[in-house]
Amino acid sequence: MGSVSEKYEIGYDQPAAEPTLGTLATRLVRTTVPRRLYQVLHLALPVAIDLATRGWWRGAGWSLAIASFGGWGLADHWLAESAADNPERAQWVRVVRVIAGGLTIVPPVLLVLEAFLRLLGSAPIS
């Protein structure tokens, strides 16, 4: 008498890798219409500049991150579609994508860290 796997050819698929935040963001950007990314960039950047001139740094930081996400998305979308056609321009777009990606990540991280430190409060005097 044979085992179950001998009677029925049972194949196991490799488990799919769990998607990371970068994978999800890249898929979102590459499947969306570029016009939406332009709108995000053009609406959030003036708001960030206005909030920064008024001294509201937290709101300016969040708006800058949103605007930078739009810029990163446009650069990534262009690289996915047209990088092979113009390799010299693709190098500059990769630099822009890295800078925009950094500006997308750094302000929220700093703002969340600042909020966490405010929640901790000041240390007691010993």
# chains A, B, ... in the order shown; residues from 1 in each chain; ligands from 1

$ residues_around --residues "range 59-74 of chain A" --least-positions-apart "3" --cutoff "7 Å" --atoms "only C-alpha atoms" --output "PyMOL selection string"
chain A and resi 29+34+37-38+40-41+44-45+47-49+51-52+56+77-78+97+100-101+103-105+107-108

$ select_by_dssp --residues "chain A" --states "alpha helix (DSSP H)" --output "MDAnalysis selection string"
chainID A and resid 4:7 21:31 34:53 57:82 87:120

$ atom_distance --atom1 "CA of Arg58 in chain A" --atom2 "CA of Val98 in chain A"
22.7 Å

$ atom_distance --atom1 "CA of Leu21 in chain A" --atom2 "CA of Val109 in chain A"
14.5 Å
